[in-house]
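A.B. asks: Have a peek at work04.tsv (TSV, C-alpha atoms).
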```
chain	number	residue	atom	x	y	z
A	1	GLY	CA	0.00	0.00	0.00
A	2	ALA	CA	0.87	3.65	-0.12
A	3	VAL	CA	2.34	5.63	2.76
A	4	VAL	CA	0.43	8.76	3.70
A	5	SER	CA	1.44	11.08	6.50
A	6	GLN	CA	-0.49	13.80	8.27
A	7	HIS	CA	0.80	16.54	10.47
A	8	PRO	CA	0.04	17.31	13.18
A	9	SER	CA	-1.53	14.17	14.59
A	10	ARG	CA	-3.18	16.11	17.35
A	11	VAL	CA	-3.84	19.82	17.85
A	12	ILE	CA	-5.62	21.84	20.51
A	13	CYS	CA	-6.36	25.48	19.79
A	14	LYS	CA	-8.38	28.36	21.10
A	15	SER	CA	-11.60	29.44	19.47
A	16	GLY	CA	-11.01	31.97	16.71
A	17	THR	CA	-7.58	30.75	15.66
A	18	SER	CA	-6.71	29.05	12.38
A	19	VAL	CA	-5.21	25.59	12.13
A	20	LYS	CA	-3.34	24.08	9.20
A	21	ILE	CA	-3.22	20.33	8.63
A	22	GLU	CA	-0.78	18.80	6.15
A	23	CYS	CA	-1.26	15.63	4.14
A	24	ARG	CA	1.72	14.12	2.34
A	25	SER	CA	1.90	11.29	-0.15
A	26	LEU	CA	5.26	9.65	0.48
A	27	ASP	CA	5.24	6.90	-2.15
A	28	PHE	CA	4.03	8.54	-5.31
A	29	GLN	CA	2.79	11.75	-6.85
A	30	ALA	CA	-0.88	12.18	-6.08
A	31	THR	CA	-2.85	14.29	-8.49
A	32	THR	CA	-5.93	13.88	-6.33
A	33	MET	CA	-6.34	13.89	-2.57
A	34	PHE	CA	-9.53	13.74	-0.56
A	35	TRP	CA	-10.28	15.36	2.79
A	36	TYR	CA	-12.72	13.78	5.23
A	37	ARG	CA	-13.96	14.57	8.68
A	38	GLN	CA	-15.22	11.98	11.11
A	39	PHE	CA	-17.26	12.49	14.26
A	40	PRO	CA	-17.11	9.92	17.08
A	41	LYS	CA	-18.70	6.60	16.15
A	42	GLN	CA	-19.70	7.85	12.73
A	43	SER	CA	-18.65	7.20	9.19
A	44	LEU	CA	-16.26	9.29	7.12
A	45	MET	CA	-17.80	12.39	5.60
A	46	LEU	CA	-16.17	13.66	2.43
A	47	MET	CA	-15.44	17.36	2.69
A	48	ALA	CA	-13.62	18.12	-0.55
A	49	THR	CA	-11.57	16.74	-3.39
A	50	SER	CA	-8.19	18.35	-3.75
A	51	ASN	CA	-6.74	18.51	-7.25
A	52	GLU	CA	-3.13	19.49	-7.82
A	53	GLY	CA	-2.81	22.87	-9.46
A	54	SER	CA	-6.50	23.73	-9.42
A	55	LYS	CA	-9.21	24.73	-7.00
A	56	ALA	CA	-10.63	22.10	-4.69
A	57	THR	CA	-14.12	20.75	-5.22
A	58	TYR	CA	-16.21	21.03	-2.07
A	59	GLU	CA	-19.12	18.84	-1.07
A	60	GLN	CA	-22.50	20.40	-0.54
A	61	GLY	CA	-22.76	22.05	2.85
A	62	VAL	CA	-19.00	22.46	3.35
A	63	GLU	CA	-17.95	26.10	3.54
A	64	LYS	CA	-14.99	26.69	1.23
A	65	ASP	CA	-14.05	29.91	3.03
A	66	LYS	CA	-14.02	28.03	6.33
A	67	PHE	CA	-12.01	25.05	5.15
A	68	LEU	CA	-9.26	26.25	2.84
A	69	ILE	CA	-7.58	23.59	0.76
A	70	ASN	CA	-4.31	24.01	-1.09
A	71	HIS	CA	-2.81	21.27	-3.26
A	72	ALA	CA	0.31	23.08	-4.38
A	73	SER	CA	2.40	20.03	-5.22
A	74	LEU	CA	1.90	16.41	-6.21
A	75	THR	CA	2.88	15.23	-2.75
A	76	LEU	CA	1.33	17.80	-0.44
A	77	SER	CA	-2.17	19.06	0.27
A	78	THR	CA	-3.10	21.30	3.18
A	79	LEU	CA	-6.40	21.91	4.93
A	80	THR	CA	-6.71	25.13	6.92
A	81	VAL	CA	-9.58	25.47	9.34
A	82	THR	CA	-10.07	29.21	9.61
A	83	SER	CA	-11.47	30.93	12.70
A	84	ALA	CA	-12.01	27.58	14.36
A	85	HIS	CA	-14.91	27.07	16.75
A	86	PRO	CA	-15.70	24.20	19.13
A	87	GLU	CA	-18.10	22.68	16.59
A	88	ASP	CA	-15.11	22.25	14.24
A	89	SER	CA	-13.59	19.79	16.69
A	90	SER	CA	-13.34	16.52	14.82
A	91	PHE	CA	-11.03	13.89	13.35
A	92	TYR	CA	-9.74	15.02	9.95
A	93	ILE	CA	-8.39	12.41	7.57
A	94	CYS	CA	-6.92	12.68	4.09
A	95	SER	CA	-6.66	10.01	1.44
A	96	VAL	CA	-4.51	9.76	-1.65
A	97	GLY	CA	-4.77	7.65	-4.73
A	98	ARG	CA	-3.25	7.19	-8.10
A	99	PRO	CA	-5.72	6.73	-10.95
A	100	SER	CA	-5.24	3.25	-12.24
A	101	SER	CA	-7.24	0.17	-12.92
A	102	THR	CA	-8.03	-0.13	-9.24
A	103	ASP	CA	-8.19	3.51	-8.12
A	104	THR	CA	-7.22	2.36	-4.64
A	105	GLN	CA	-7.27	5.05	-2.01
A	106	TYR	CA	-4.96	5.05	0.99
A	107	PHE	CA	-5.71	7.00	4.11
A	108	GLY	CA	-3.50	9.03	6.37
A	109	PRO	CA	-3.40	8.47	10.14
A	110	GLY	CA	-5.72	11.39	10.81
A	111	THR	CA	-5.53	14.63	12.79
A	112	ARG	CA	-7.51	15.12	15.97
A	113	LEU	CA	-8.56	18.77	16.25
A	114	THR	CA	-9.90	20.08	19.53
A	115	VAL	CA	-11.09	23.67	19.67
A	116	LEU	CA	-11.53	25.11	23.15
B	117	GLY	CA	-25.72	9.53	-6.12
B	118	GLU	CA	-24.61	6.23	-4.65
B	119	ASN	CA	-26.10	5.01	-1.34
B	120	VAL	CA	-24.30	2.32	0.64
B	121	GLU	CA	-26.06	0.53	3.49
B	122	GLN	CA	-24.07	-1.55	5.98
B	123	HIS	CA	-25.25	-4.09	8.55
B	124	PRO	CA	-24.95	-4.84	11.37
B	125	SER	CA	-23.79	-1.71	13.16
B	126	THR	CA	-22.30	-3.80	15.96
B	127	LEU	CA	-21.14	-7.40	15.98
B	128	SER	CA	-19.75	-9.42	18.87
B	129	VAL	CA	-18.21	-12.85	18.35
B	130	GLN	CA	-16.18	-15.30	20.33
B	131	GLU	CA	-12.56	-15.77	19.39
B	132	GLY	CA	-12.28	-18.40	16.67
B	133	ASP	CA	-15.77	-17.84	15.32
B	134	SER	CA	-16.55	-16.27	11.95
B	135	ALA	CA	-17.85	-12.76	11.39
B	136	VAL	CA	-19.87	-11.54	8.42
B	137	ILE	CA	-20.61	-7.92	7.54
B	138	LYS	CA	-22.99	-7.11	4.71
B	139	CYS	CA	-23.36	-4.06	2.48
B	140	THR	CA	-25.75	-3.07	-0.28
B	141	TYR	CA	-25.32	-0.37	-2.88
B	142	SER	CA	-27.77	1.46	-5.12
B	143	ASP	CA	-25.84	2.55	-8.21
B	144	SER	CA	-25.43	-0.29	-10.70
B	145	ALA	CA	-22.51	1.63	-12.26
B	146	SER	CA	-20.37	1.09	-9.15
B	147	ASN	CA	-17.64	-1.40	-9.96
B	148	TYR	CA	-15.09	-1.23	-7.16
B	149	PHE	CA	-15.73	-2.24	-3.55
B	150	PRO	CA	-13.01	-1.82	-0.92
B	151	TRP	CA	-13.20	-2.69	2.76
B	152	TYR	CA	-11.38	-0.66	5.40
B	153	LYS	CA	-10.50	-1.45	9.01
B	154	GLN	CA	-10.23	1.44	11.41
B	155	GLU	CA	-8.75	1.11	14.86
B	156	LEU	CA	-9.49	3.66	17.52
B	157	GLY	CA	-7.77	6.97	16.86
B	158	LYS	CA	-6.25	5.86	13.56
B	159	GLY	CA	-6.99	6.30	9.88
B	160	PRO	CA	-8.78	3.57	7.90
B	161	GLN	CA	-6.60	0.80	6.53
B	162	LEU	CA	-7.45	-1.03	3.33
B	163	ILE	CA	-7.81	-4.74	4.06
B	164	ILE	CA	-9.31	-6.15	0.88
B	165	ASP	CA	-11.08	-4.96	-2.23
B	166	ILE	CA	-12.98	-6.47	-5.13
B	167	ARG	CA	-13.90	-5.39	-8.61
B	168	SER	CA	-17.21	-6.09	-10.26
B	169	ASN	CA	-15.76	-8.58	-12.73
B	170	VAL	CA	-14.94	-10.93	-9.83
B	171	GLY	CA	-17.44	-12.72	-7.58
B	172	GLU	CA	-15.15	-13.58	-4.70
B	173	LYS	CA	-11.71	-12.74	-3.41
B	174	LYS	CA	-9.81	-14.22	-0.51
B	175	ASP	CA	-6.75	-13.19	1.45
B	176	GLN	CA	-5.88	-15.59	4.27
B	177	ARG	CA	-8.67	-15.24	6.88
B	178	ILE	CA	-10.49	-12.49	5.02
B	179	ALA	CA	-12.78	-12.90	2.04
B	180	VAL	CA	-15.17	-10.68	0.16
B	181	THR	CA	-18.09	-11.79	-2.00
B	182	LEU	CA	-19.99	-9.72	-4.52
B	183	ASN	CA	-23.43	-10.24	-6.02
B	184	LYS	CA	-23.84	-7.69	-8.80
B	185	THR	CA	-27.40	-8.70	-9.60
B	186	ALA	CA	-28.56	-8.12	-6.04
B	187	LYS	CA	-26.15	-5.22	-5.56
B	188	HIS	CA	-24.68	-6.49	-2.34
B	189	PHE	CA	-21.26	-7.50	-1.10
B	190	SER	CA	-20.04	-9.04	2.12
B	191	LEU	CA	-16.91	-9.29	4.22
B	192	HIS	CA	-16.14	-12.62	5.83
B	193	ILE	CA	-13.56	-13.01	8.58
B	194	THR	CA	-12.79	-16.55	9.71
B	195	GLU	CA	-11.01	-17.70	12.85
B	196	THR	CA	-11.44	-14.30	14.42
B	197	GLN	CA	-8.86	-13.01	16.87
B	198	PRO	CA	-9.07	-10.23	19.48
B	199	GLU	CA	-6.86	-8.05	17.28
B	200	ASP	CA	-9.59	-8.13	14.62
B	201	SER	CA	-11.64	-5.91	16.94
B	202	ALA	CA	-12.13	-2.58	15.14
B	203	VAL	CA	-14.63	-0.66	13.05
B	204	TYR	CA	-15.02	-1.96	9.52
B	205	PHE	CA	-16.26	0.19	6.66
B	206	CYS	CA	-17.42	-0.93	3.26
B	207	ALA	CA	-17.33	1.44	0.31
B	208	ALA	CA	-18.35	1.63	-3.32
B	209	SER	CA	-16.84	3.54	-6.19
B	210	ILE	CA	-16.78	3.84	-9.96
B	211	ILE	CA	-13.27	3.29	-11.31
B	212	GLY	CA	-11.52	3.10	-14.61
B	213	ARG	CA	-12.25	6.61	-15.75
B	214	GLY	CA	-8.69	7.41	-16.71
B	215	SER	CA	-7.36	10.50	-14.99
B	216	THR	CA	-10.28	10.95	-12.60
B	217	LEU	CA	-9.95	9.21	-9.25
B	218	GLY	CA	-13.26	7.71	-8.20
B	219	ARG	CA	-14.98	9.02	-5.10
B	220	LEU	CA	-15.66	6.50	-2.34
B	221	TYR	CA	-19.14	6.17	-0.87
B	222	PHE	CA	-18.93	4.66	2.60
B	223	GLY	CA	-21.27	2.59	4.69
B	224	ARG	CA	-21.91	3.62	8.29
B	225	GLY	CA	-19.46	1.13	9.72
B	226	THR	CA	-19.60	-2.01	11.86
B	227	GLN	CA	-18.01	-2.19	15.30
B	228	LEU	CA	-16.62	-5.71	15.56
B	229	THR	CA	-15.69	-7.00	19.00
B	230	VAL	CA	-13.94	-10.33	19.33
B	231	TRP	CA	-14.03	-11.74	22.86
B	232	PRO	CA	-11.14	-13.95	23.99
```
What is this structure when it is put down as structure tokens?

C.D. replies:
Amino acid sequence: GAVVSQHPSRVICKSGTSVKIECRSLDFQATTMFWYRQFPKQSLMLMATSNEGSKATYEQGVEKDKFLINHASLTLSTLTVTSAHPEDSSFYICSVGRPSSTDTQYFGPGTRLTVL
Amino acid sequence: GENVEQHPSTLSVQEGDSAVIKCTYSDSASNYFPWYKQELGKGPQLIIDIRSNVGEKKDQRIAVTLNKTAKHFSLHITETQPEDSAVYFCAASIIGRGSTLGRLYFGRGTQLTVWP
């Protein structure tokens, strides 16, 4: 499988601050990365699709000005939670994949965000 | 869009017994079905996947079956061990579209507990 890293693994911040989460594809160049959020005991909810060199595609109901996504290189995508509030506290996970006959997606270890 | 249903939501088995998790999907165009295992506080890990041109796939104690006509697929774990305890997610996707990586549609997850 592919190796995907996320940084930081855990972050605690005060309400109103912005937090940046990095997702790196360590094995291959990823033209597409996905960002998910997951609440306790729930499934993964797709937030946006991050395409290298172009604007991200956001799912319905996800505020693009709130969750800024930058996919500046083929190995790095960042998610910035702007003006974070306690309701933004969640587990954020990225996935990467290389279009092929299987289109397999590999997930990062996740980032636990806690907003006080 | 695609709708994936997963059952049961919780499953408890004795060590050594078999466990079966079932999923149904709605979009007949879906042709790729991965299964992910997620341990507490970690990102999902791909454990097995199957394409629609195959009816069954096995990897040691894990097997997946697919019934395209009925639009359902199942995960079978034999000789369960306590370390199999985790949340399992099924997913469906449409693959093979060249440069576009298929989006995954997830089930709600199954909490599997294996008692020693």

A.B. asks: Looking at only C-alpha atoms, which of B:Asp143, B:Glu118, B:Asp133, B:Glu155 is the one that sits closest to A:Lys41?

C.D. replies: B:Glu155

A.B. asks: Just the residues within 7 Å of B:Gln154, please, counting all atoms listed in the file, with nothing from its chain fewer than 2 positions along; format it as a PyMOL selection string.

C.D. replies: chain B and resi 152+156+158-161+202-204

A.B. asks: Can you tell me how far atom CA of B:Ser190 sits from atom CA of B:Phe205, in Å to one decimal?

C.D. replies: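 Going from atom CA of B:Ser190 over to atom CA of B:Phe205 covers 11.0 Å.
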
A.B. asks: Which residue out of B:Ser168, B:Gln176, B:Asn119, B:Thr181 has the minimum interatomic distance to B:Lys138 when all atoms listed in the file are used?

C.D. replies: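 Closest to B:Lys138 of all the choices is B:Thr181.
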
A.B. asks: Report the distance between atom CA of A:Ser83 and atom CA of A:Leu44 in Å, rounded to one decimal place.

C.D. replies: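 Interatomic distance, atom CA of A:Ser83 to atom CA of A:Leu44: 22.9 Å.
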
A.B. asks: Considering only C-alpha atoms, extract the chain B residues located within 12 Å of chain A and return them as JSON, numbers by chain.

C.D. replies: {"B": [120, 121, 122, 125, 126, 147, 148, 149, 150, 151, 152, 153, 154, 155, 156, 157, 158, 159, 160, 161, 162, 163, 164, 165, 166, 167, 168, 169, 202, 203, 204, 205, 206, 207, 208, 209, 210, 211, 212, 213, 214, 215, 216, 217, 218, 219, 220, 221, 222, 223, 224, 225, 226, 227]}

A.B. asks: Pick the closest to A:Asn70 from A:Thr114, A:Ser54, A:Thr17, A:Gln6: which is it, counting only C-alpha atoms?

C.D. replies: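 Ranked by minimum distance to A:Asn70, first place goes to A:Ser54.
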
A.B. asks: Write out as a list in words which residues come within 8 Å of A:Gly53 when counting all atoms listed in the file, dropping same-chain ones fewer than 5 positions away.

C.D. replies: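 Result of the neighbour search: His71, Ala72 and Ser73 of chain A.
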
A.B. asks: Include C-alpha atoms and write out the residues we just selected as a compact mmCIF listing (two decimals), keeping the file's coordinate frame.

C.D. replies:
```txt
# COMPACT_ATOMS: atom_id res chain seq x y z
CA HIS A 71 -2.81 21.27 -3.26
CA ALA A 72 0.31 23.08 -4.38
CA SER A 73 2.40 20.03 -5.22
```

A.B. asks: As an exercise, work out the distance from atom CA of A:Arg24 to atom CA of A:Thr75 in Å and give it to one decimal place.

C.D. replies: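 Result for atom CA of A:Arg24 versus atom CA of A:Thr75: 5.3 Å, one decimal.
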
A.B. asks: Output as JSON the centre and edge lengths (Å, one decimal) of the box along x, y and z of the file that holds every listed atom of stretch 21-40 of chain A after adding 3 Å on each side.

C.D. replies:
```
{"center_x": -6.0, "center_y": 13.6, "center_z": 4.3, "size_x": 28.5, "size_y": 19.4, "size_z": 31.6}
```

A.B. asks: Which residue is closest to B:Thr194? Choose from B:Thr140, B:Thr229, B:Ser134, B:Ser146 and count only C-alpha atoms.

C.D. replies: B:Ser134

A.B. asks: List the spatial neighbours of A:Thr80 as a list of chain:residue names - criterion: any atom at most 8 Å away, all atoms listed in the file, same-chain residues fewer than 2 positions off excluded.

C.D. replies: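 That gives A:Ser18, A:Val19, A:Lys20, A:Ile21, A:Lys66, A:Phe67, A:Leu68, A:Ile69, A:Thr78, A:Thr82.
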